[in-house]
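Next up, run_27.tsv (TSV, C-alpha atoms):
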chain	number	residue	atom	x	y	z
A	1	MET	CA	-36.79	5.71	41.64
A	2	ARG	CA	-38.46	9.10	41.50
A	3	ARG	CA	-35.21	10.79	40.51
A	4	LEU	CA	-35.11	8.82	37.27
A	5	TRP	CA	-38.53	10.12	36.33
A	6	ARG	CA	-37.52	13.67	37.09
A	7	CYS	CA	-34.98	13.66	34.24
A	8	GLY	CA	-36.25	15.87	31.51
A	9	PHE	CA	-36.97	14.71	27.99
A	10	ALA	CA	-34.12	16.90	26.64
A	11	GLU	CA	-31.50	15.10	28.77
A	12	VAL	CA	-32.74	11.68	27.68
A	13	GLN	CA	-32.89	12.75	24.04
A	14	GLN	CA	-29.31	14.09	24.28
A	15	CYS	CA	-28.12	10.65	25.43
A	16	LEU	CA	-29.83	9.01	22.48
A	17	ASP	CA	-28.53	11.41	19.81
A	18	PRO	CA	-25.55	10.12	17.83
A	19	LEU	CA	-22.20	11.52	18.84
A	20	PRO	CA	-20.31	13.77	16.44
A	21	ASP	CA	-17.61	12.06	14.36
A	22	ALA	CA	-14.81	13.89	16.21
A	23	VAL	CA	-15.90	12.26	19.48
A	24	LEU	CA	-15.98	8.81	17.90
A	25	ILE	CA	-12.31	8.82	16.82
A	26	ASP	CA	-10.49	5.98	18.54
A	27	THR	CA	-7.05	7.54	18.66
A	28	HIS	CA	-5.49	4.57	20.44
A	29	HIS	CA	-6.68	2.17	17.73
A	30	ASN	CA	-5.45	4.56	15.05
A	31	GLN	CA	-2.07	4.86	16.75
A	32	LEU	CA	-1.77	1.06	16.78
A	33	MET	CA	-2.68	0.94	13.08
A	34	ARG	CA	0.09	3.41	12.29
A	35	GLN	CA	2.59	1.61	14.54
A	36	ALA	CA	1.96	-1.60	12.62
A	37	ARG	CA	3.29	0.21	9.54
A	38	ARG	CA	6.35	1.57	11.35
A	39	LEU	CA	8.50	-1.61	11.57
A	40	PRO	CA	8.30	-2.52	7.86
A	41	TRP	CA	9.06	1.13	7.04
A	42	ARG	CA	12.12	1.14	9.32
A	43	LYS	CA	13.38	-2.09	7.78
A	44	ALA	CA	13.05	-0.69	4.27
A	45	ASP	CA	14.70	2.55	5.39
A	46	ALA	CA	17.63	0.60	6.84
A	47	VAL	CA	18.18	-1.13	3.49
A	48	THR	CA	17.98	2.17	1.62
A	49	SER	CA	20.36	3.86	4.07
A	50	LEU	CA	22.85	1.03	3.73
A	51	THR	CA	22.86	1.24	-0.06
A	52	ILE	CA	23.42	5.01	0.14
A	53	ALA	CA	26.31	4.48	2.55
A	54	GLU	CA	27.78	1.82	0.26
A	55	MET	CA	27.67	4.26	-2.67
A	56	ALA	CA	29.44	6.93	-0.63
A	57	TYR	CA	32.06	4.42	0.54
A	58	LEU	CA	32.80	3.22	-2.98
A	59	HIS	CA	33.01	6.80	-4.23
A	60	ALA	CA	35.52	7.63	-1.48
A	61	LYS	CA	37.54	4.50	-2.28
A	62	ARG	CA	37.62	5.44	-5.98
A	63	ILE	CA	38.79	8.99	-5.20
A	64	HIS	CA	41.43	7.63	-2.80
A	65	ALA	CA	42.69	5.13	-5.37
A	66	MET	CA	42.77	7.79	-8.06
A	67	TYR	CA	44.50	10.64	-6.20
A	68	VAL	CA	46.30	9.12	-3.24
A	69	LEU	CA	47.31	5.70	-4.55
A	70	GLU	CA	47.40	6.94	-8.15
A	71	ASP	CA	46.14	3.52	-9.21
A	72	GLU	CA	43.90	3.75	-12.28
A	73	ASP	CA	42.99	0.04	-12.16
A	74	LYS	CA	41.73	0.18	-8.57
A	75	SER	CA	39.94	3.44	-9.29
A	76	GLY	CA	38.18	1.84	-12.27
A	77	SER	CA	37.27	-1.21	-10.20
A	78	TYR	CA	35.68	0.94	-7.51
A	79	SER	CA	33.86	2.94	-10.17
A	80	ASP	CA	32.38	-0.26	-11.61
A	81	GLN	CA	31.33	-1.42	-8.14
A	82	ARG	CA	29.74	1.95	-7.47
A	83	THR	CA	27.68	1.71	-10.67
A	84	ILE	CA	26.25	-1.59	-9.43
A	85	SER	CA	25.68	0.03	-6.04
A	86	VAL	CA	23.70	2.86	-7.65
A	87	ASP	CA	21.36	0.30	-9.20
A	88	ARG	CA	20.93	-1.40	-5.81
A	89	LYS	CA	20.18	1.95	-4.19
A	90	ARG	CA	17.52	2.77	-6.78
A	91	GLN	CA	15.91	-0.63	-6.28
A	92	ALA	CA	15.96	-0.14	-2.49
A	93	VAL	CA	14.27	3.26	-2.88
A	94	ALA	CA	11.61	1.76	-5.16
A	95	ASP	CA	11.07	-1.06	-2.66
A	96	GLN	CA	10.74	1.45	0.19
A	97	ILE	CA	8.21	3.48	-1.78
A	98	ARG	CA	6.10	0.31	-2.01
A	99	VAL	CA	6.10	-0.11	1.79
A	100	PRO	CA	3.04	1.47	3.46
A	101	ALA	CA	3.90	4.85	5.01
A	102	PRO	CA	3.46	5.08	8.80
A	103	ASP	CA	3.11	8.89	8.88
A	104	VAL	CA	3.02	12.08	6.85
A	105	LEU	CA	6.83	12.42	6.90
A	106	ALA	CA	7.16	9.07	5.18
A	107	VAL	CA	4.70	10.20	2.50
A	108	GLN	CA	6.79	13.34	2.00
A	109	TRP	CA	9.91	11.17	1.72
A	110	LYS	CA	8.22	9.10	-0.97
A	111	ARG	CA	7.36	12.22	-2.96
A	112	GLU	CA	10.95	13.47	-2.82
A	113	ALA	CA	12.50	10.07	-3.52
A	114	ALA	CA	10.23	9.52	-6.52
A	115	LYS	CA	11.76	12.54	-8.25
A	116	ASP	CA	14.66	10.28	-9.35
A	117	ARG	CA	13.52	9.50	-12.88
A	118	TYR	CA	15.75	6.42	-13.06
A	119	LEU	CA	13.93	4.50	-10.32
A	120	PRO	CA	12.58	1.10	-11.36
A	121	ILE	CA	9.02	2.16	-10.49
A	122	GLY	CA	6.54	4.07	-12.60
A	123	ALA	CA	5.16	7.48	-11.71
A	124	ASP	CA	1.60	6.12	-11.90
A	125	GLU	CA	2.39	3.37	-9.38
A	126	VAL	CA	4.03	5.91	-7.06
A	127	ALA	CA	0.96	8.16	-7.30
A	128	LYS	CA	-1.38	5.26	-6.46
A	129	LEU	CA	0.78	4.19	-3.50
A	130	ILE	CA	0.94	7.72	-2.11
A	131	ALA	CA	-2.82	8.19	-2.56
A	132	ALA	CA	-3.42	4.92	-0.69
A	133	ASP	CA	-1.10	6.03	2.13
A	134	GLU	CA	-2.83	9.39	2.41
A	135	ALA	CA	-6.24	7.71	2.50
A	136	VAL	CA	-5.20	5.34	5.31
A	137	LEU	CA	-3.57	8.11	7.33
A	138	ALA	CA	-6.61	10.35	6.90
A	139	ALA	CA	-8.91	7.50	7.97
A	140	HIS	CA	-6.78	6.84	11.06
A	141	PRO	CA	-6.04	10.21	12.69
A	142	ILE	CA	-4.19	10.02	15.98
A	143	THR	CA	-5.58	13.28	17.37
A	144	LYS	CA	-9.19	14.31	17.73
A	145	GLN	CA	-8.50	17.82	16.51
A	146	PRO	CA	-6.56	18.64	13.35
A	147	ARG	CA	-3.30	20.45	13.92
A	148	ARG	CA	-3.50	24.20	13.68
A	149	LYS	CA	-1.12	26.04	11.48
A	150	ARG	CA	1.01	28.25	13.66
A	151	GLY	CA	0.78	31.90	12.93
A	152	ARG	CA	3.00	34.66	14.18
A	153	SER	CA	0.67	35.38	17.09
A	154	ASP	CA	1.19	31.84	18.46
A	155	HIS	CA	4.85	32.52	19.21
A	156	HIS	CA	4.32	35.41	21.65
I need this file expressed as structure tokens, please.
Amino acid sequence: MRRLWRCGFAEVQQCLDPLPDAVLIDTHHNQLMRQARRLPWRKADAVTSLTIAEMAYLHAKRIHAMYVLEDEDKSGSYSDQRTISVDRKRQAVADQIRVPAPDVLAVQWKREAAKDRYLPIGADEVAKLIAADEAVLAAHPITKQPRRKRGRSDHH
């Protein structure tokens, strides 16, 4: 019992002081929050990837029909199908932009993808979605310390 009374006031006060924000970051919780966004993002990415592959396939079929088969009708048919496929791809990209980003790379992807001016999504909506993603990711860091930028001296 005496040992408890021997603790100094400074030690007790230190225990009562609030912890700095960096110590209070629950990185496991934040990681789970980001993981919850990962599956919907992967699903949307799979749809987008498929539409891009379909466009490439139809382009190859058109070129094959035009130059190898020398069949203008088939070439025109594939060209028409590809035009429809381009619209599907743009819609898939717009839909993926609307899915919450699970990480910074996904936010970067959204910025790059939004450069297509023919997407069926407005620039103001894209900006709001990206701002919301950045706010959530900033509020849920998965490390206690921000990443350092590597300089030349770090590589020695």
So that I can see what lies close to segment 91-107 of chain A, please list as an MDAnalysis selection string the residues with an atom at most 9 Å from it, counting all atoms listed in the file and leaving out residues fewer than 6 positions away in the same chain.
chainID A and resid 33:41 43:45 47:49 51 113:114 119:121 125:126 129:130 132:134 137
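For the residues A:Asp71, A:Arg111, A:Met55, A:Ala138, ranking by smallest atom-to-atom distance to Ile84 of chain A using all atoms listed in the file places A:Met55 first.
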Enter the distance from atom CA of Tyr78 of chain A to atom CA of Leu58 of chain A, in Å, rounded to one decimal.
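Those two atoms sit 5.8 Å apart.
Of note, atom CA of Ser77 of chain A and atom CA of His64 of chain A are spaced 12.3 Å apart.
The shortest atom-to-atom distance to Glu54 of chain A, with all atoms listed in the file taken into account, belongs to A:Ser85 out of A:Pro141, A:Asp124, A:Ser85, A:Lys110.
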I'd like to know which of A:Arg42, A:Gly76, A:Leu69, A:Thr83 is closest to Ala56 of chain A, using only C-alpha atoms.
A:Thr83
